[in-house]
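Containing PDB, C-alpha atoms, pLDDT in the B column: final_9.pdb.
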```
MODEL        1
ATOM      1  CA  MET A   1      75.547  76.907 122.628  1.00 41.00           C
ATOM      2  CA  SER A   2      78.864  78.403 121.529  1.00 47.00           C
ATOM      3  CA  THR A   3      82.223  76.842 122.330  1.00 46.00           C
ATOM      4  CA  TRP A   4      83.138  79.872 124.443  1.00 45.00           C
ATOM      5  CA  ARG A   5      80.048  79.555 126.585  1.00 50.00           C
ATOM      6  CA  LYS A   6      80.740  75.851 127.066  1.00 50.00           C
ATOM      7  CA  ILE A   7      84.327  76.571 128.086  1.00 52.00           C
ATOM      8  CA  GLY A   8      83.296  79.398 130.376  1.00 57.00           C
ATOM      9  CA  SER A   9      84.630  82.815 131.233  1.00 68.00           C
ATOM     10  CA  SER A  10      87.045  81.409 133.839  1.00 75.00           C
ATOM     11  CA  TYR A  11      88.955  79.753 130.997  1.00 77.00           C
ATOM     12  CA  LEU A  12      89.172  83.080 129.154  1.00 77.00           C
ATOM     13  CA  VAL A  13      90.419  84.814 132.300  1.00 78.00           C
ATOM     14  CA  SER A  14      93.057  82.099 132.843  1.00 84.00           C
ATOM     15  CA  VAL A  15      94.264  82.577 129.251  1.00 85.00           C
ATOM     16  CA  LEU A  16      94.511  86.337 129.728  1.00 86.00           C
ATOM     17  CA  ASP A  17      96.285  85.911 133.070  1.00 88.00           C
ATOM     18  CA  VAL A  18      99.236  84.049 131.505  1.00 89.00           C
ATOM     19  CA  MET A  19      99.828  86.816 128.954  1.00 90.00           C
ATOM     20  CA  VAL A  20     102.931  88.969 129.464  1.00 91.00           C
ATOM     21  CA  ASP A  21     101.057  92.075 128.262  1.00 94.00           C
ATOM     22  CA  MET A  22      98.478  93.924 130.321  1.00 94.00           C
ATOM     23  CA  VAL A  23      94.973  93.226 129.013  1.00 95.00           C
ATOM     24  CA  ARG A  24      91.561  94.584 129.872  1.00 92.00           C
ATOM     25  CA  VAL A  25      88.066  94.537 128.411  1.00 93.00           C
ATOM     26  CA  VAL A  26      86.070  97.776 128.336  1.00 93.00           C
ATOM     27  CA  ASP A  27      82.347  98.010 127.565  1.00 93.00           C
ATOM     28  CA  ILE A  28      80.649 100.535 125.266  1.00 90.00           C
ATOM     29  CA  HIS A  29      80.386 103.004 128.171  1.00 90.00           C
ATOM     30  CA  GLY A  30      84.083 102.849 129.041  1.00 90.00           C
ATOM     31  CA  THR A  31      83.600 100.668 132.124  1.00 92.00           C
ATOM     32  CA  ILE A  32      86.284  98.056 132.784  1.00 93.00           C
ATOM     33  CA  LEU A  33      84.700  94.600 132.653  1.00 92.00           C
ATOM     34  CA  LEU A  34      87.801  92.471 133.019  1.00 92.00           C
ATOM     35  CA  MET A  35      91.514  92.860 133.737  1.00 93.00           C
ATOM     36  CA  ASN A  36      94.220  90.232 133.531  1.00 94.00           C
ATOM     37  CA  LYS A  37      96.579  89.485 136.417  1.00 94.00           C
ATOM     38  CA  LYS A  38      99.455  91.492 134.884  1.00 93.00           C
ATOM     39  CA  MET A  39      97.331  94.657 134.655  1.00 92.00           C
ATOM     40  CA  LYS A  40      95.934  94.227 138.173  1.00 92.00           C
ATOM     41  CA  GLU A  41      99.499  93.926 139.490  1.00 91.00           C
ATOM     42  CA  ALA A  42     100.549  97.089 137.652  1.00 87.00           C
ATOM     43  CA  VAL A  43      97.611  99.403 138.379  1.00 87.00           C
ATOM     44  CA  GLY A  44      95.399  97.588 140.887  1.00 90.00           C
ATOM     45  CA  ASP A  45      92.040  95.906 140.420  1.00 92.00           C
ATOM     46  CA  MET A  46      89.879  98.536 138.751  1.00 91.00           C
ATOM     47  CA  VAL A  47      87.104  96.306 137.407  1.00 92.00           C
ATOM     48  CA  GLY A  48      83.850  98.268 137.442  1.00 93.00           C
ATOM     49  CA  GLN A  49      85.589 101.640 137.143  1.00 92.00           C
ATOM     50  CA  LYS A  50      85.911 103.852 134.090  1.00 91.00           C
ATOM     51  CA  CYS A  51      88.848 102.988 131.818  1.00 87.00           C
ATOM     52  CA  TYR A  52      90.433 106.439 131.973  1.00 85.00           C
ATOM     53  CA  THR A  53      90.915 106.248 135.762  1.00 83.00           C
ATOM     54  CA  VAL A  54      93.838 103.853 135.145  1.00 77.00           C
ATOM     55  CA  LEU A  55      95.593 106.787 133.458  1.00 74.00           C
ATOM     56  CA  GLY A  56      94.787 109.073 136.385  1.00 76.00           C
ATOM     57  CA  CYS A  57      92.297 111.091 134.314  1.00 78.00           C
ATOM     58  CA  GLN A  58      88.932 112.469 135.449  1.00 82.00           C
ATOM     59  CA  SER A  59      87.267 112.181 132.033  1.00 82.00           C
ATOM     60  CA  PRO A  60      87.590 110.113 128.835  1.00 79.00           C
ATOM     61  CA  CYS A  61      90.632 110.645 126.633  1.00 79.00           C
ATOM     62  CA  ASP A  62      90.229 113.105 123.750  1.00 76.00           C
ATOM     63  CA  HIS A  63      90.798 110.249 121.312  1.00 80.00           C
ATOM     64  CA  CYS A  64      89.647 107.134 123.168  1.00 87.00           C
ATOM     65  CA  ILE A  65      90.803 104.273 120.968  1.00 91.00           C
ATOM     66  CA  SER A  66      88.405 101.821 122.609  1.00 91.00           C
ATOM     67  CA  LEU A  67      85.375 103.967 121.871  1.00 89.00           C
ATOM     68  CA  CYS A  68      86.724 104.417 118.312  1.00 90.00           C
ATOM     69  CA  ALA A  69      87.242 100.644 117.979  1.00 94.00           C
ATOM     70  CA  ILE A  70      83.670 100.032 119.147  1.00 92.00           C
ATOM     71  CA  ARG A  71      82.214 102.750 116.899  1.00 91.00           C
ATOM     72  CA  ASP A  72      84.249 101.961 113.757  1.00 94.00           C
ATOM     73  CA  ARG A  73      84.483  98.166 114.183  1.00 94.00           C
ATOM     74  CA  LYS A  74      88.253  98.144 113.670  1.00 95.00           C
ATOM     75  CA  THR A  75      91.482  98.044 115.666  1.00 97.00           C
ATOM     76  CA  TYR A  76      93.167 101.251 116.821  1.00 96.00           C
ATOM     77  CA  HIS A  77      96.650 101.901 118.194  1.00 96.00           C
ATOM     78  CA  LYS A  78      98.243 104.571 120.367  1.00 94.00           C
ATOM     79  CA  THR A  79     101.175 105.058 122.692  1.00 93.00           C
ATOM     80  CA  GLU A  80     100.415 105.863 126.319  1.00 88.00           C
ATOM     81  CA  ILE A  81     102.520 106.678 129.394  1.00 88.00           C
ATOM     82  CA  ILE A  82     101.310 105.003 132.592  1.00 83.00           C
ATOM     83  CA  HIS A  83     103.193 105.421 135.875  1.00 85.00           C
ATOM     84  CA  GLY A  84     106.319 106.542 133.983  1.00 89.00           C
ATOM     85  CA  ARG A  85     106.315 103.532 131.617  1.00 91.00           C
ATOM     86  CA  ILE A  86     105.635 103.731 127.869  1.00 94.00           C
ATOM     87  CA  TYR A  87     103.001 101.391 126.445  1.00 94.00           C
ATOM     88  CA  SER A  88     101.896 100.509 122.951  1.00 96.00           C
ATOM     89  CA  VAL A  89      98.129 100.090 123.237  1.00 95.00           C
ATOM     90  CA  LEU A  90      95.955  98.170 120.780  1.00 96.00           C
ATOM     91  CA  SER A  91      92.195  98.249 121.100  1.00 96.00           C
ATOM     92  CA  SER A  92      89.977  95.908 119.102  1.00 96.00           C
ATOM     93  CA  PRO A  93      86.192  95.525 119.073  1.00 96.00           C
ATOM     94  CA  ILE A  94      84.504  92.453 120.587  1.00 93.00           C
ATOM     95  CA  MET A  95      81.343  91.106 118.947  1.00 90.00           C
ATOM     96  CA  ASP A  96      78.624  88.964 120.433  1.00 87.00           C
ATOM     97  CA  GLU A  97      77.100  85.977 118.616  1.00 85.00           C
ATOM     98  CA  GLU A  98      74.723  88.264 116.697  1.00 90.00           C
ATOM     99  CA  GLY A  99      77.570  90.439 115.439  1.00 89.00           C
ATOM    100  CA  ASN A 100      76.861  93.389 117.751  1.00 91.00           C
ATOM    101  CA  ILE A 101      79.862  95.208 119.168  1.00 93.00           C
ATOM    102  CA  THR A 102      79.589  94.902 122.941  1.00 91.00           C
ATOM    103  CA  ALA A 103      83.053  95.889 124.160  1.00 94.00           C
ATOM    104  CA  ALA A 104      86.684  96.381 123.246  1.00 95.00           C
ATOM    105  CA  VAL A 105      89.745  94.442 124.310  1.00 95.00           C
ATOM    106  CA  GLU A 106      92.814  96.531 125.043  1.00 95.00           C
ATOM    107  CA  VAL A 107      96.339  95.135 125.052  1.00 96.00           C
ATOM    108  CA  PHE A 108      99.056  97.226 126.721  1.00 95.00           C
ATOM    109  CA  ARG A 109     102.601  96.227 125.727  1.00 96.00           C
ATOM    110  CA  ASP A 110     105.413  97.820 127.729  1.00 95.00           C
ATOM    111  CA  ILE A 111     107.803  99.330 125.184  1.00 97.00           C
ATOM    112  CA  THR A 112     109.791 101.502 127.602  1.00 96.00           C
ATOM    113  CA  GLU A 113     113.114  99.715 126.996  1.00 96.00           C
ATOM    114  CA  GLU A 114     112.573  99.654 123.237  1.00 95.00           C
ATOM    115  CA  GLN A 115     111.868 103.392 123.243  1.00 94.00           C
ATOM    116  CA  MET A 116     114.974 104.053 125.335  1.00 94.00           C
ATOM    117  CA  LEU A 117     117.081 101.954 122.943  1.00 95.00           C
ATOM    118  CA  ARG A 118     115.519 103.720 119.958  1.00 94.00           C
ATOM    119  CA  GLU A 119     116.385 107.123 121.433  1.00 94.00           C
ATOM    120  CA  GLN A 120     119.922 105.921 122.197  1.00 96.00           C
ATOM    121  CA  ILE A 121     120.342 104.685 118.619  1.00 97.00           C
ATOM    122  CA  LEU A 122     119.051 108.007 117.277  1.00 96.00           C
ATOM    123  CA  ARG A 123     121.525 109.925 119.495  1.00 96.00           C
ATOM    124  CA  HIS A 124     124.405 107.724 118.311  1.00 96.00           C
ATOM    125  CA  ASN A 125     123.261 108.096 114.716  1.00 96.00           C
ATOM    126  CA  ARG A 126     123.200 111.912 115.020  1.00 96.00           C
ATOM    127  CA  LYS A 127     126.728 111.838 116.477  1.00 96.00           C
ATOM    128  CA  MET A 128     127.912 109.502 113.721  1.00 94.00           C
ATOM    129  CA  MET A 129     126.430 111.826 111.072  1.00 92.00           C
ATOM    130  CA  LYS A 130     128.275 114.793 112.617  1.00 94.00           C
ATOM    131  CA  ASP A 131     131.488 112.736 112.648  1.00 92.00           C
ATOM    132  CA  LEU A 132     130.959 111.853 108.981  1.00 90.00           C
ATOM    133  CA  GLU A 133     130.451 115.526 108.120  1.00 90.00           C
ATOM    134  CA  ILE A 134     133.767 116.343 109.808  1.00 91.00           C
ATOM    135  CA  ALA A 135     135.478 113.438 108.001  1.00 88.00           C
ATOM    136  CA  GLN A 136     134.021 114.652 104.707  1.00 88.00           C
ATOM    137  CA  LYS A 137     135.396 118.164 105.307  1.00 88.00           C
ATOM    138  CA  ILE A 138     138.812 116.738 106.192  1.00 87.00           C
ATOM    139  CA  GLN A 139     138.854 114.529 103.108  1.00 86.00           C
ATOM    140  CA  ASN A 140     137.766 117.388 100.855  1.00 84.00           C
ATOM    141  CA  SER A 141     140.562 119.538 102.290  1.00 86.00           C
ATOM    142  CA  PHE A 142     143.079 116.993 100.879  1.00 84.00           C
ATOM    143  CA  LEU A 143     141.665 117.302  97.364  1.00 87.00           C
ATOM    144  CA  PRO A 144     142.978 119.989  95.020  1.00 88.00           C
ATOM    145  CA  SER A 145     140.996 123.209  94.868  1.00 85.00           C
ATOM    146  CA  GLN A 146     142.336 123.992  91.383  1.00 86.00           C
ATOM    147  CA  MET A 147     144.262 122.106  88.724  1.00 86.00           C
ATOM    148  CA  PRO A 148     147.461 123.258  87.024  1.00 86.00           C
ATOM    149  CA  ASN A 149     147.172 124.077  83.341  1.00 84.00           C
ATOM    150  CA  ALA A 150     150.175 123.610  81.100  1.00 80.00           C
ATOM    151  CA  TYR A 151     149.809 123.855  77.369  1.00 80.00           C
ATOM    152  CA  PRO A 152     148.996 121.506  75.652  1.00 83.00           C
ATOM    153  CA  PHE A 153     147.562 119.748  78.720  1.00 82.00           C
ATOM    154  CA  ARG A 154     144.539 120.721  80.753  1.00 85.00           C
ATOM    155  CA  PHE A 155     143.457 118.902  83.880  1.00 85.00           C
ATOM    156  CA  TYR A 156     139.941 118.654  85.202  1.00 86.00           C
ATOM    157  CA  SER A 157     138.516 116.700  88.073  1.00 85.00           C
ATOM    158  CA  PHE A 158     135.144 115.718  89.398  1.00 84.00           C
ATOM    159  CA  TYR A 159     134.904 113.974  92.711  1.00 83.00           C
ATOM    160  CA  LYS A 160     131.751 112.256  93.901  1.00 83.00           C
ATOM    161  CA  PRO A 161     132.149 109.607  96.602  1.00 81.00           C
ATOM    162  CA  TYR A 162     129.706 106.710  96.734  1.00 79.00           C
ATOM    163  CA  GLU A 163     128.931 107.630 100.337  1.00 81.00           C
ATOM    164  CA  SER A 164     129.600 110.847 102.199  1.00 79.00           C
ATOM    165  CA  VAL A 165     133.209 109.755 102.734  1.00 83.00           C
ATOM    166  CA  SER A 166     135.354 107.387 100.718  1.00 82.00           C
ATOM    167  CA  GLY A 167     138.925 106.177 100.657  1.00 78.00           C
ATOM    168  CA  ASP A 168     139.839 107.962  97.432  1.00 84.00           C
ATOM    169  CA  ILE A 169     142.312 110.807  97.157  1.00 86.00           C
ATOM    170  CA  TYR A 170     144.085 112.435  94.227  1.00 88.00           C
ATOM    171  CA  ASP A 171     146.087 115.484  93.271  1.00 90.00           C
ATOM    172  CA  VAL A 172     147.750 117.089  90.236  1.00 89.00           C
ATOM    173  CA  PHE A 173     150.596 119.532  90.929  1.00 88.00           C
ATOM    174  CA  TRP A 174     153.720 121.120  89.515  1.00 88.00           C
ATOM    175  CA  LEU A 175     156.902 119.285  90.439  1.00 91.00           C
ATOM    176  CA  ASP A 176     159.029 122.042  88.927  1.00 90.00           C
ATOM    177  CA  LYS A 177     158.686 124.463  85.986  1.00 87.00           C
ATOM    178  CA  GLU A 178     158.712 121.663  83.423  1.00 87.00           C
ATOM    179  CA  HIS A 179     157.142 118.666  85.154  1.00 89.00           C
ATOM    180  CA  ILE A 180     153.689 117.909  86.520  1.00 89.00           C
ATOM    181  CA  GLY A 181     153.070 115.126  88.998  1.00 90.00           C
ATOM    182  CA  PHE A 182     149.861 113.426  89.892  1.00 88.00           C
ATOM    183  CA  TYR A 183     148.660 110.612  92.051  1.00 89.00           C
ATOM    184  CA  LEU A 184     145.441 108.720  92.538  1.00 87.00           C
ATOM    185  CA  ALA A 185     144.940 106.537  95.573  1.00 87.00           C
ATOM    186  CA  ASP A 186     142.109 104.207  96.475  1.00 83.00           C
ATOM    187  CA  VAL A 187     142.101 102.623  99.904  1.00 77.00           C
ATOM    188  CA  SER A 188     140.460  99.456  98.598  1.00 70.00           C
TER     189      SER A 188
ENDMDL
END
```
As structure tokens, please, write out the structure in this file.
Amino acid sequence: MSTWRKIGSSYLVSVLDVMVDMVRVVDIHGTILLMNKKMKEAVGDMVGQKCYTVLGCQSPCDHCISLCAIRDRKTYHKTEIIHGRIYSVLSSPIMDEEGNITAAVEVFRDITEEQMLREQILRHNRKMMKDLEIAQKIQNSFLPSQMPNAYPFRFYSFYKPYESVSGDIYDVFWLDKEHIGFYLADVS
């Protein structure tokens, strides 16, 4: 007799119930066999019902990751919105003692806050990139558009900052008819 059978299914349920993620077990027909406490609190006790009813659907999902996990014998991932919350869902096949796939375990991790933070970071990053573009234009406006030429001297410049903006600035210019001035400044 296996260790799991000796321990009993109540032990397995108690382990699942202390998990912070929502967990359920779905059989090969898409029927919910088991739900942990967290999932029951979130969506109600739906043991015995089809898995897609939790999502408010009338039929299986177009790409049911649990059926794929059962069929392909590997773990699948997707993101799902349930009752306005965003979940990362992992579905992995469950094998019996003979190695037959009998069900899939699904773990729903609430990633709503992480997604909101990610979107906020992306918005701030887009704004920062726009600000850097403006700073780059301002900095480039301080650089000379053409260099004075005075025989026997010729001046050339090539400016390539390490990043989009740097603390470097330079110029070459006529001071009067006989003198040329130049400066090179580096903020560092």
For this session: For segment 37-43 of chain A, please output as a PyMOL selection string all residues within 12 Å (counting all atoms listed in the file; exclusion window: fewer than 3 positions along the same chain).
Result: chain A and resi 13-25+32+34+46-47+51-56+82-85+106-110
For this session: Identify which of the residues A:Met116, A:Ile169, A:Ala150, A:Leu67 lies closest to Gln136 of chain A, counting only C-alpha atoms when measuring atom-to-atom distances.
Result: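 For Gln136 of chain A, the nearest of the given residues is A:Ile169.
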Exercise. Written as a list in words, what is the full residue list that the PyMOL selection byres ((chain A and resi 173-187) around 10) yields on the file shown?
Worked result: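 Applying the PyMOL selection byres ((chain A and resi 173-187) around 10) to the structure shown produces Pro144, Gln146, Met147, Pro148, Asn149, Ala150, Ser166, Gly167, Asp168, Ile169, Tyr170, Asp171, Val172 and Ser188 of chain A.
What separates atom CA of Ala103 of chain A from atom CA of Tyr76 of chain A is a distance of 13.6 Å.
If you look at atom CA of Ile70 of chain A and atom CA of Ile86 of chain A, they are 23.9 Å away from each other.
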Problem set entry | Length of the atom CA of Ile101 of chain A to atom CA of Cys57 of chain A vector [Å] | 25.2 Å
Result set of the PyMOL selection byres ((chain A and resi 163) around 12) on the coordinates above, as a PDB file with C-alpha atoms, keeping the file's coordinate frame:
```
ATOM      1  CA  MET A 129     126.430 111.826 111.072  1.00 92.00           C
ATOM      2  CA  LEU A 132     130.959 111.853 108.981  1.00 90.00           C
ATOM      3  CA  GLU A 133     130.451 115.526 108.120  1.00 90.00           C
ATOM      4  CA  ALA A 135     135.478 113.438 108.001  1.00 88.00           C
ATOM      5  CA  GLN A 136     134.021 114.652 104.707  1.00 88.00           C
ATOM      6  CA  TYR A 159     134.904 113.974  92.711  1.00 83.00           C
ATOM      7  CA  LYS A 160     131.751 112.256  93.901  1.00 83.00           C
ATOM      8  CA  PRO A 161     132.149 109.607  96.602  1.00 81.00           C
ATOM      9  CA  TYR A 162     129.706 106.710  96.734  1.00 79.00           C
ATOM     10  CA  SER A 164     129.600 110.847 102.199  1.00 79.00           C
ATOM     11  CA  VAL A 165     133.209 109.755 102.734  1.00 83.00           C
ATOM     12  CA  SER A 166     135.354 107.387 100.718  1.00 82.00           C
ATOM     13  CA  GLY A 167     138.925 106.177 100.657  1.00 78.00           C
ATOM     14  CA  ASP A 168     139.839 107.962  97.432  1.00 84.00           C
TER      15      ASP A 168
END
```
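Compared by their closest atoms to Met35 of chain A, and using all atoms listed in the file, the residues A:Val89, A:Val105, A:Cys61, A:Ile94 rank with A:Val105 nearest.
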Could you work out an axis-aligned bounding box for all listed atoms of segment 52-61 of chain A, with 5 Å added on each of the six sides, and give its centre and edge lengths in Å to one decimal, as lines of an AutoDock Vina configuration file?
```
center_x = 91.4
center_y = 108.2
center_z = 131.5
size_x = 18.3
size_y = 18.6
size_z = 19.8
```
For this session: Might you spell out which residues the PyMOL selection byres ((chain A and resi 102) around 10) would select in the displayed file, as a PyMOL selection string?
Result: chain A and resi 26-29+70+93-96+99-101+103-104
Exercise. Which residue, A:Ser91, A:Ser66, A:Asn125, A:Thr112, has the smallest gap to Gly30 of chain A when you use only C-alpha atoms?
Worked result: A:Ser66
